[in-house]
Amino acid sequence: MDIPAYRKRIESEVAKAAQRPSRFGDLLARSGAATRRRPALLGIQPVDGGDEEAFVEIVDDVDEAARILELREGNTDLRVAAIEEVTSGVTERAALFRLLIERLVDREEDISVRLAALSGLVQLNISAPRSVFDRPMYLDALRSIVNDRDMTLRRRVIGILAREKDAFIQQQLLDGLLGRSASLVPASKAIQLLGYDVHAIPTNLLKEIVEHPPNSAAKREAVRLLAADPTSAGLLSRLLADQTERSDVRRIAAIGLHWLAPAKFATAARRIILDDEEDPDLRATCISALSSEWDGLESALESTDDVTNTIVGLARTASSAPLRRAAKAYLVNPDR
Amino acid sequence: MGVRAPAGIAADDALVELISFVTGDHTDPERRRALVAVLPERHPIYAGRSTNATMRIRGDVLAAFEHLGLPDAAFMYAIEELESGTEAYLVAAAAMAVRGLDQPERGLVPFLLRAIDRIRLVDDTVAIGTVVPVAEHPRTTTALAEIFRTFEWLAGHGGAALPRLMALRAQRILPGDAHPALNAAIEAIERDSTVVATVPVASCCDGDEIEDPTARGARIERISERARTSSGPLAGVVLEDESAGRWSYSEAFVGHVTVLAFFYTRCDNPNKCSLTVTKLAELQRAISEAGLDGIVRTAAITYDPAFDVPARLRAYGAQRGYSFGDDHRFFRTTEGFDLFRAQFQLGVNFGEATVNRHQIELCVLDAHGRIAAKASRRQWNVGDVLTAARALMVSG
């Protein structure tokens, strides 16, 4: 690769992109909605004296975008583009951060605009200096809309808070699972989201869900999360061994047991791999897991020859394609 | 529709009662004593609770000392949060707690400054005393706001912080909402010319180490020969090292001076377990440079023995620069963890899945496996620990 030429090409493309009008600028020009003055709502510009106190001069596209959002002008496309324009300007003008927050939490605002505001804020959380990104304000705004009627927005907001290990959303999700309050998201999703924080996993509740699941999806997620709980190794073993259990639950139990108790898993996996009557997808999962646990297998089992011979056979003749693939991958694994 | 809750899951009533007690009558002096008793991590009130619930209890207790007065017995808990805490709720509460001291103390300055640097990236709105988290509350604050209010309370005693606070203001690296409290702090310090900070900024507030001008919490507590508890009761403890080797307590720790740290691999506070193990690796190098290889050992024991299997112990140490060998091992207990926990009075408690709260702690064991020195809550310093270990080589 010619590095200098590549660098030159990239620099040229960046320069060209910088000269192109932004999507907002383009839409604004076509809409004819551009003006020269905007309300001095955010104090972005110094206010002139006299009867012009209430308005300030529009300086650039960011200003114009702020005006459109403040006055709720323009169609959805223009307003979404305005959000993107304002997001790009936040680093220079901290007051625009509050404008994004206001658009996000305004339940009367078009959902596309609100989602764009959320995307902008998520981006700024990574890229903007803390002098402009007010994290407490951001988190408070998210918390205020966890019960939003738009499910796409709701799920994104709850997902963000869950990844922040937010105590409020953890409590809300738990209350929903326990029936103490209306569920914000389906049980399976609530369980999945609680899993972002190992210190918040309600293992007793999850075990209850495994025994008395509201639905199969919730049971699957509960089994998945119990891989974080050492006291659940016995439960996972039981699920894995239970041939009357759903295949997907057994596969998740296998993965969880492999993580939690590798030696116990190796013993169970051996039996499953050797049993031609067993579920082929489960056999494939066990073989794949053992690919990364060769040392554990050797230490857990007296002999691995029968397992290897079986896998060789499966690689050649298994009728299930996933099982054949798993067997072949196992045999060519250089780490084995 | 909710699932059927298993017995014991609805612990909210007990939590509500505790928080009501914590935030109730502030004039009752007995309340202060009762609250101090709840602070140690091993208190049963925390058993089985999530980390967030534990955090709220501890935060509400600490914050109550602002009005009750902060006793000596609670002081180090507040300092610990200011020095190492990463949760806005607890850092805010700690900043409030120290305002309960009888007098402003300039020794607080470095801890408060360190807290600003750490918490400004993870600050959050907190509503102390609300039992469970709420989306909106009429009385909220932030960790930064409380830290600045404490500087305002310190007034002239916070003089050594003035250059740093003014730099924060000038550099505008804090969100706008934090500036009114910051400005109030600066003005209070500038207005109070009655106390002049005599400690130069360079010796108080820079670098990785924080001196302790308050002299309340020694970094390393030495335990006299007479006062050391026999390790005999630990005969029933069985350990497994990072190579799956089995050890009794005496096999692992009797016969050599050992620096023993505590950690667990799922700790999410980088200033606690991860930093502890990283410093343990530094201590290894210091031991070697001091020509003490084979004489002073290092070890670490996990709080989470069921999860931290040998492969995890090894990976965690290796990733932080720790070198394993005959004199340097990580362990988990395979039998007798409760006995070990009681004998060492470990500052740890457990939620449903794992540790919910623990302190920073490290012991120096003498050649009989007895605790001869202990570092708790404060960030320990490699040099101090090595000095404590050397002292044992001389005195036994």
# chains A, B, ... in the order shown; residues from 1 in each chain; ligands from 1
>>> interface_residues(of="chain B", to="chain A", cutoff="9 Å", atoms="only C-alpha atoms", output="VMD selection string")
chain B and resid 1 to 6 9 49 to 53 120 to 126 132 to 136 142 171 to 177 266 306 to 307 309 351 to 356
>>> write_last_selection(atoms="N, CA and C atoms", output="compact mmCIF listing (two decimals), in the first residue's frame")
# COMPACT_ATOMS: atom_id res chain seq x y z
N MET B 1 -47.22 -8.28 33.21
CA MET B 1 -47.59 -9.03 34.42
C MET B 1 -46.30 -9.43 35.13
N GLY B 2 -46.23 -9.31 36.44
CA GLY B 2 -45.00 -9.62 37.16
C GLY B 2 -44.91 -11.09 37.48
N VAL B 3 -43.73 -11.57 37.77
CA VAL B 3 -43.55 -12.96 38.17
C VAL B 3 -43.80 -13.06 39.67
N ARG B 4 -43.94 -14.28 40.10
CA ARG B 4 -44.16 -14.50 41.52
C ARG B 4 -42.84 -14.22 42.25
N ALA B 5 -42.84 -13.32 43.22
CA ALA B 5 -41.60 -12.97 43.90
C ALA B 5 -41.24 -14.03 44.92
N PRO B 6 -40.03 -14.52 44.94
CA PRO B 6 -39.63 -15.49 45.95
C PRO B 6 -39.60 -14.83 47.32
N ILE B 9 -37.55 -11.43 48.83
CA ILE B 9 -37.10 -10.48 47.81
C ILE B 9 -37.61 -9.08 48.11
N ARG B 49 -28.12 -7.45 49.42
CA ARG B 49 -28.62 -6.29 48.67
C ARG B 49 -27.78 -6.04 47.43
N SER B 50 -28.39 -5.37 46.45
CA SER B 50 -27.65 -5.01 45.24
C SER B 50 -26.62 -3.93 45.61
N THR B 51 -25.67 -3.74 44.73
CA THR B 51 -24.66 -2.72 44.94
C THR B 51 -25.28 -1.33 45.04
N ASN B 52 -26.26 -1.05 44.20
CA ASN B 52 -26.88 0.27 44.22
C ASN B 52 -27.65 0.51 45.52
N ALA B 53 -28.36 -0.51 46.01
CA ALA B 53 -29.08 -0.36 47.26
C ALA B 53 -28.10 -0.14 48.42
N ARG B 120 -15.84 14.40 37.98
CA ARG B 120 -16.41 15.32 37.00
C ARG B 120 -16.78 14.61 35.70
N LEU B 121 -16.15 13.46 35.46
CA LEU B 121 -16.49 12.72 34.24
C LEU B 121 -17.68 11.78 34.44
N VAL B 122 -18.02 11.50 35.67
CA VAL B 122 -19.11 10.54 35.94
C VAL B 122 -20.12 11.13 36.92
N ASP B 123 -20.22 12.45 36.96
CA ASP B 123 -21.13 13.08 37.90
C ASP B 123 -22.58 12.77 37.53
N ASP B 124 -23.45 12.94 38.51
CA ASP B 124 -24.85 12.61 38.28
C ASP B 124 -25.67 13.39 39.28
N THR B 125 -26.95 13.50 38.99
CA THR B 125 -27.89 14.12 39.92
C THR B 125 -28.14 13.12 41.05
N VAL B 126 -28.12 13.58 42.28
CA VAL B 126 -28.42 12.70 43.40
C VAL B 126 -29.48 13.36 44.27
N VAL B 132 -35.41 4.80 47.23
CA VAL B 132 -35.20 4.21 45.91
C VAL B 132 -34.99 5.34 44.92
N PRO B 133 -34.29 5.07 43.86
CA PRO B 133 -34.00 6.13 42.89
C PRO B 133 -35.28 6.66 42.26
N VAL B 134 -35.33 7.95 42.00
CA VAL B 134 -36.50 8.56 41.38
C VAL B 134 -36.05 9.34 40.16
N ALA B 135 -37.01 9.52 39.24
CA ALA B 135 -36.68 10.24 38.01
C ALA B 135 -36.57 11.74 38.28
N GLU B 136 -37.46 12.24 39.12
CA GLU B 136 -37.43 13.68 39.41
C GLU B 136 -37.65 13.88 40.91
N THR B 142 -25.56 17.52 42.96
CA THR B 142 -24.60 16.68 42.24
C THR B 142 -23.36 16.55 43.12
N GLN B 171 -10.40 27.43 32.79
CA GLN B 171 -10.32 26.45 31.70
C GLN B 171 -11.69 26.01 31.23
N ARG B 172 -12.70 26.27 32.04
CA ARG B 172 -14.07 25.91 31.70
C ARG B 172 -14.18 24.45 31.27
N ILE B 173 -13.67 23.58 32.12
CA ILE B 173 -13.78 22.15 31.81
C ILE B 173 -14.90 21.48 32.59
N LEU B 174 -15.66 22.31 33.32
CA LEU B 174 -16.81 21.77 34.03
C LEU B 174 -18.07 22.25 33.36
N PRO B 175 -19.17 21.48 33.47
CA PRO B 175 -20.42 21.94 32.85
C PRO B 175 -20.88 23.25 33.49
N GLY B 176 -21.64 24.01 32.74
CA GLY B 176 -22.08 25.32 33.18
C GLY B 176 -22.79 25.32 34.51
N ASP B 177 -23.59 24.28 34.75
CA ASP B 177 -24.36 24.23 36.00
C ASP B 177 -23.48 24.12 37.23
N ARG B 266 -14.38 -9.07 39.38
CA ARG B 266 -15.54 -8.35 38.85
C ARG B 266 -15.73 -6.98 39.49
N ALA B 306 -16.00 -18.42 44.36
CA ALA B 306 -16.76 -19.33 43.49
C ALA B 306 -16.62 -18.93 42.03
N PHE B 307 -16.47 -17.65 41.75
CA PHE B 307 -16.37 -17.19 40.37
C PHE B 307 -14.93 -17.08 39.91
N VAL B 309 -12.10 -18.50 39.44
CA VAL B 309 -11.39 -19.77 39.30
C VAL B 309 -9.94 -19.48 38.91
N GLY B 351 -24.01 -9.27 47.51
CA GLY B 351 -25.36 -9.23 46.98
C GLY B 351 -25.74 -10.62 46.54
N GLU B 352 -26.67 -10.71 45.62
CA GLU B 352 -27.13 -12.03 45.22
C GLU B 352 -26.13 -12.75 44.34
N ALA B 353 -25.43 -12.01 43.48
CA ALA B 353 -24.55 -12.66 42.52
C ALA B 353 -23.07 -12.55 42.90
N THR B 354 -22.71 -11.47 43.56
CA THR B 354 -21.29 -11.23 43.82
C THR B 354 -21.14 -10.18 44.92
N VAL B 355 -19.93 -9.70 45.09
CA VAL B 355 -19.64 -8.66 46.07
C VAL B 355 -20.50 -7.43 45.78
N ASN B 356 -21.07 -6.84 46.83
CA ASN B 356 -21.80 -5.61 46.61
C ASN B 356 -21.04 -4.39 47.12
>>> residues_around(residues="stretch 300-302 of chain B", least_positions_apart="4", cutoff="10 Å", atoms="only C-alpha atoms", output="ChimeraX atom specification")
/B:239-241,258-265,273,276-277,280,306-309,313,317,328-333,337,362-363
>>> select_by_dssp(residues="stretch 21-199 of chain A", states="helix (DSSP H, G or I)", output="PyMOL selection string")
chain A and resi 23-31+50-52+61-70+76-89+95-105+111-127+135-144+151-163+167-178+187-194+198-199
>>> write_last_selection(atoms="C-alpha atoms", output="compact mmCIF listing (two decimals), in the first residue's frame")
# COMPACT_ATOMS: atom_id res chain seq x y z
CA ARG A 23 -27.46 18.34 4.59
CA PHE A 24 -29.18 21.04 6.62
CA GLY A 25 -27.83 23.82 4.45
CA ASP A 26 -29.00 22.00 1.37
CA LEU A 27 -32.51 21.38 2.73
CA LEU A 28 -32.73 24.94 4.05
CA ALA A 29 -31.84 26.41 0.68
CA ARG A 30 -34.47 24.28 -1.03
CA SER A 31 -37.11 25.09 1.58
CA GLY A 50 -33.41 48.88 21.49
CA ASP A 51 -36.30 47.22 19.78
CA GLU A 52 -34.03 44.49 18.42
CA ASP A 61 -26.24 27.48 9.58
CA VAL A 62 -25.95 26.39 13.21
CA ASP A 63 -27.74 29.57 14.26
CA GLU A 64 -30.39 29.04 11.63
CA ALA A 65 -30.85 25.43 12.74
CA ALA A 66 -31.26 26.56 16.35
CA ARG A 67 -33.92 29.07 15.24
CA ILE A 68 -35.86 26.42 13.36
CA LEU A 69 -35.82 24.11 16.36
CA GLU A 70 -36.71 26.81 18.88
CA THR A 76 -39.61 16.85 9.75
CA ASP A 77 -36.70 16.37 7.37
CA LEU A 78 -35.55 19.95 7.85
CA ARG A 79 -35.88 19.68 11.62
CA VAL A 80 -33.96 16.42 11.77
CA ALA A 81 -31.24 18.02 9.67
CA ALA A 82 -31.35 21.00 12.02
CA ILE A 83 -30.70 18.67 14.94
CA GLU A 84 -27.63 17.31 13.17
CA GLU A 85 -26.44 20.86 12.47
CA VAL A 86 -26.94 21.95 16.06
CA THR A 87 -25.11 18.83 17.28
CA SER A 88 -22.11 19.79 15.20
CA GLY A 89 -22.13 23.23 16.80
CA ALA A 95 -26.13 26.52 25.17
CA LEU A 96 -27.07 24.35 22.21
CA PHE A 97 -26.73 21.32 24.46
CA ARG A 98 -29.80 22.42 26.36
CA LEU A 99 -31.67 22.83 23.08
CA LEU A 100 -30.98 19.20 22.20
CA ILE A 101 -32.18 18.11 25.63
CA GLU A 102 -35.37 20.15 25.21
CA ARG A 103 -36.13 18.57 21.85
CA LEU A 104 -35.48 15.10 23.23
CA VAL A 105 -37.84 15.36 26.18
CA ILE A 111 -40.43 11.36 17.02
CA SER A 112 -37.86 11.52 14.22
CA VAL A 113 -36.58 14.79 15.64
CA ARG A 114 -36.47 13.36 19.16
CA LEU A 115 -34.57 10.29 17.99
CA ALA A 116 -32.14 12.52 16.12
CA ALA A 117 -31.64 14.58 19.28
CA LEU A 118 -30.92 11.40 21.22
CA SER A 119 -28.41 10.27 18.61
CA GLY A 120 -26.76 13.66 18.78
CA LEU A 121 -26.50 13.51 22.55
CA VAL A 122 -25.11 9.98 22.48
CA GLN A 123 -22.47 11.14 20.03
CA LEU A 124 -21.64 14.18 22.17
CA ASN A 125 -21.31 11.98 25.25
CA ILE A 126 -18.31 10.47 23.54
CA SER A 127 -16.89 13.42 21.64
CA ARG A 135 -23.94 14.58 32.22
CA PRO A 136 -26.35 15.05 35.15
CA MET A 137 -28.73 16.98 32.89
CA TYR A 138 -28.42 14.31 30.20
CA LEU A 139 -29.15 11.43 32.57
CA ASP A 140 -32.05 13.29 34.16
CA ALA A 141 -33.53 13.86 30.72
CA LEU A 142 -33.24 10.20 29.86
CA ARG A 143 -34.84 9.15 33.13
CA SER A 144 -37.77 11.49 32.51
CA MET A 151 -41.30 2.25 21.99
CA THR A 152 -38.25 2.85 19.80
CA LEU A 153 -37.27 5.91 21.82
CA ARG A 154 -38.16 4.22 25.06
CA ARG A 155 -36.01 1.17 24.35
CA ARG A 156 -33.04 3.25 23.27
CA VAL A 157 -33.24 5.44 26.34
CA ILE A 158 -33.62 2.50 28.69
CA GLY A 159 -30.75 0.72 26.96
CA ILE A 160 -28.49 3.74 27.43
CA LEU A 161 -29.37 4.03 31.11
CA ALA A 162 -28.90 0.31 31.65
CA ARG A 163 -25.43 0.44 30.10
CA ALA A 167 -29.83 2.75 39.68
CA PHE A 168 -33.15 4.29 38.66
CA ILE A 169 -33.65 2.18 35.58
CA GLN A 170 -32.47 -0.96 37.38
CA GLN A 171 -35.16 -0.38 39.99
CA GLN A 172 -37.79 0.29 37.32
CA LEU A 173 -36.90 -2.89 35.45
CA LEU A 174 -36.94 -4.92 38.63
CA ASP A 175 -40.27 -3.43 39.73
CA GLY A 176 -41.71 -4.32 36.35
CA LEU A 177 -40.53 -7.93 36.62
CA LEU A 178 -41.99 -8.21 40.10
CA ALA A 187 -39.70 -9.33 30.69
CA SER A 188 -37.01 -10.84 28.47
CA LYS A 189 -35.70 -7.38 27.60
CA ALA A 190 -35.78 -6.26 31.22
CA ILE A 191 -33.71 -9.27 32.22
CA GLN A 192 -31.25 -8.69 29.41
CA LEU A 193 -30.82 -5.05 30.42
CA LEU A 194 -30.28 -5.88 34.08
CA VAL A 198 -23.37 -7.96 37.32
CA HIS A 199 -23.81 -6.21 40.68
>>> residues_around(residues="B:Asn269", least_positions_apart="3", cutoff="9 Å", atoms="only C-alpha atoms", output="MDAnalysis selection string")
chainID B and resid 84:87 272:275
>>> closest_residue(among="A:Ala263, A:Asp106, A:Ser12, A:Ile3", to="B:Ala311", atoms="only C-alpha atoms")
A:Ala263
>>> decode(residues="stretch 92-160 of chain A", atoms="C-alpha atoms", output="PDB file, in the first residue's frame")
ATOM      1  CA  GLU A  92     -18.439  25.835  20.234  1.00  0.00           C
ATOM      2  CA  ARG A  93     -21.758  26.959  21.780  1.00  0.00           C
ATOM      3  CA  ALA A  94     -22.559  25.174  25.014  1.00  0.00           C
ATOM      4  CA  ALA A  95     -26.129  26.522  25.169  1.00  0.00           C
ATOM      5  CA  LEU A  96     -27.070  24.348  22.214  1.00  0.00           C
ATOM      6  CA  PHE A  97     -26.729  21.318  24.460  1.00  0.00           C
ATOM      7  CA  ARG A  98     -29.803  22.422  26.360  1.00  0.00           C
ATOM      8  CA  LEU A  99     -31.673  22.826  23.078  1.00  0.00           C
ATOM      9  CA  LEU A 100     -30.976  19.204  22.201  1.00  0.00           C
ATOM     10  CA  ILE A 101     -32.178  18.112  25.627  1.00  0.00           C
ATOM     11  CA  GLU A 102     -35.373  20.146  25.208  1.00  0.00           C
ATOM     12  CA  ARG A 103     -36.128  18.574  21.854  1.00  0.00           C
ATOM     13  CA  LEU A 104     -35.480  15.103  23.231  1.00  0.00           C
ATOM     14  CA  VAL A 105     -37.844  15.357  26.184  1.00  0.00           C
ATOM     15  CA  ASP A 106     -40.608  17.245  24.354  1.00  0.00           C
ATOM     16  CA  ARG A 107     -43.289  14.584  23.988  1.00  0.00           C
ATOM     17  CA  GLU A 108     -45.139  16.740  21.454  1.00  0.00           C
ATOM     18  CA  GLU A 109     -42.141  16.896  19.143  1.00  0.00           C
ATOM     19  CA  ASP A 110     -41.960  14.691  16.065  1.00  0.00           C
ATOM     20  CA  ILE A 111     -40.434  11.358  17.021  1.00  0.00           C
ATOM     21  CA  SER A 112     -37.856  11.516  14.222  1.00  0.00           C
ATOM     22  CA  VAL A 113     -36.576  14.789  15.638  1.00  0.00           C
ATOM     23  CA  ARG A 114     -36.469  13.360  19.158  1.00  0.00           C
ATOM     24  CA  LEU A 115     -34.570  10.291  17.991  1.00  0.00           C
ATOM     25  CA  ALA A 116     -32.145  12.519  16.124  1.00  0.00           C
ATOM     26  CA  ALA A 117     -31.644  14.583  19.275  1.00  0.00           C
ATOM     27  CA  LEU A 118     -30.922  11.401  21.221  1.00  0.00           C
ATOM     28  CA  SER A 119     -28.408  10.267  18.613  1.00  0.00           C
ATOM     29  CA  GLY A 120     -26.755  13.657  18.779  1.00  0.00           C
ATOM     30  CA  LEU A 121     -26.504  13.513  22.551  1.00  0.00           C
ATOM     31  CA  VAL A 122     -25.107   9.983  22.482  1.00  0.00           C
ATOM     32  CA  GLN A 123     -22.474  11.145  20.030  1.00  0.00           C
ATOM     33  CA  LEU A 124     -21.640  14.177  22.168  1.00  0.00           C
ATOM     34  CA  ASN A 125     -21.312  11.983  25.253  1.00  0.00           C
ATOM     35  CA  ILE A 126     -18.311  10.466  23.537  1.00  0.00           C
ATOM     36  CA  SER A 127     -16.893  13.421  21.644  1.00  0.00           C
ATOM     37  CA  ALA A 128     -17.777  16.620  23.477  1.00  0.00           C
ATOM     38  CA  PRO A 129     -15.729  18.149  26.305  1.00  0.00           C
ATOM     39  CA  ARG A 130     -17.351  17.994  29.735  1.00  0.00           C
ATOM     40  CA  SER A 131     -17.632  21.767  29.748  1.00  0.00           C
ATOM     41  CA  VAL A 132     -20.476  21.493  27.242  1.00  0.00           C
ATOM     42  CA  PHE A 133     -21.801  18.003  27.957  1.00  0.00           C
ATOM     43  CA  ASP A 134     -23.747  18.209  31.197  1.00  0.00           C
ATOM     44  CA  ARG A 135     -23.938  14.584  32.216  1.00  0.00           C
ATOM     45  CA  PRO A 136     -26.349  15.052  35.147  1.00  0.00           C
ATOM     46  CA  MET A 137     -28.728  16.980  32.886  1.00  0.00           C
ATOM     47  CA  TYR A 138     -28.424  14.307  30.197  1.00  0.00           C
ATOM     48  CA  LEU A 139     -29.149  11.428  32.569  1.00  0.00           C
ATOM     49  CA  ASP A 140     -32.049  13.294  34.164  1.00  0.00           C
ATOM     50  CA  ALA A 141     -33.533  13.865  30.725  1.00  0.00           C
ATOM     51  CA  LEU A 142     -33.237  10.201  29.862  1.00  0.00           C
ATOM     52  CA  ARG A 143     -34.839   9.153  33.135  1.00  0.00           C
ATOM     53  CA  SER A 144     -37.768  11.490  32.510  1.00  0.00           C
ATOM     54  CA  ILE A 145     -38.733   9.680  29.297  1.00  0.00           C
ATOM     55  CA  VAL A 146     -38.256   6.008  30.171  1.00  0.00           C
ATOM     56  CA  ASN A 147     -42.027   5.577  29.920  1.00  0.00           C
ATOM     57  CA  ASP A 148     -42.334   7.419  26.608  1.00  0.00           C
ATOM     58  CA  ARG A 149     -45.168   6.210  24.401  1.00  0.00           C
ATOM     59  CA  ASP A 150     -42.802   5.689  21.466  1.00  0.00           C
ATOM     60  CA  MET A 151     -41.301   2.253  21.990  1.00  0.00           C
ATOM     61  CA  THR A 152     -38.252   2.852  19.804  1.00  0.00           C
ATOM     62  CA  LEU A 153     -37.265   5.907  21.820  1.00  0.00           C
ATOM     63  CA  ARG A 154     -38.164   4.220  25.056  1.00  0.00           C
ATOM     64  CA  ARG A 155     -36.007   1.169  24.345  1.00  0.00           C
ATOM     65  CA  ARG A 156     -33.037   3.246  23.265  1.00  0.00           C
ATOM     66  CA  VAL A 157     -33.235   5.440  26.344  1.00  0.00           C
ATOM     67  CA  ILE A 158     -33.624   2.504  28.686  1.00  0.00           C
ATOM     68  CA  GLY A 159     -30.748   0.723  26.963  1.00  0.00           C
ATOM     69  CA  ILE A 160     -28.490   3.737  27.434  1.00  0.00           C
TER      70      ILE A 160
END
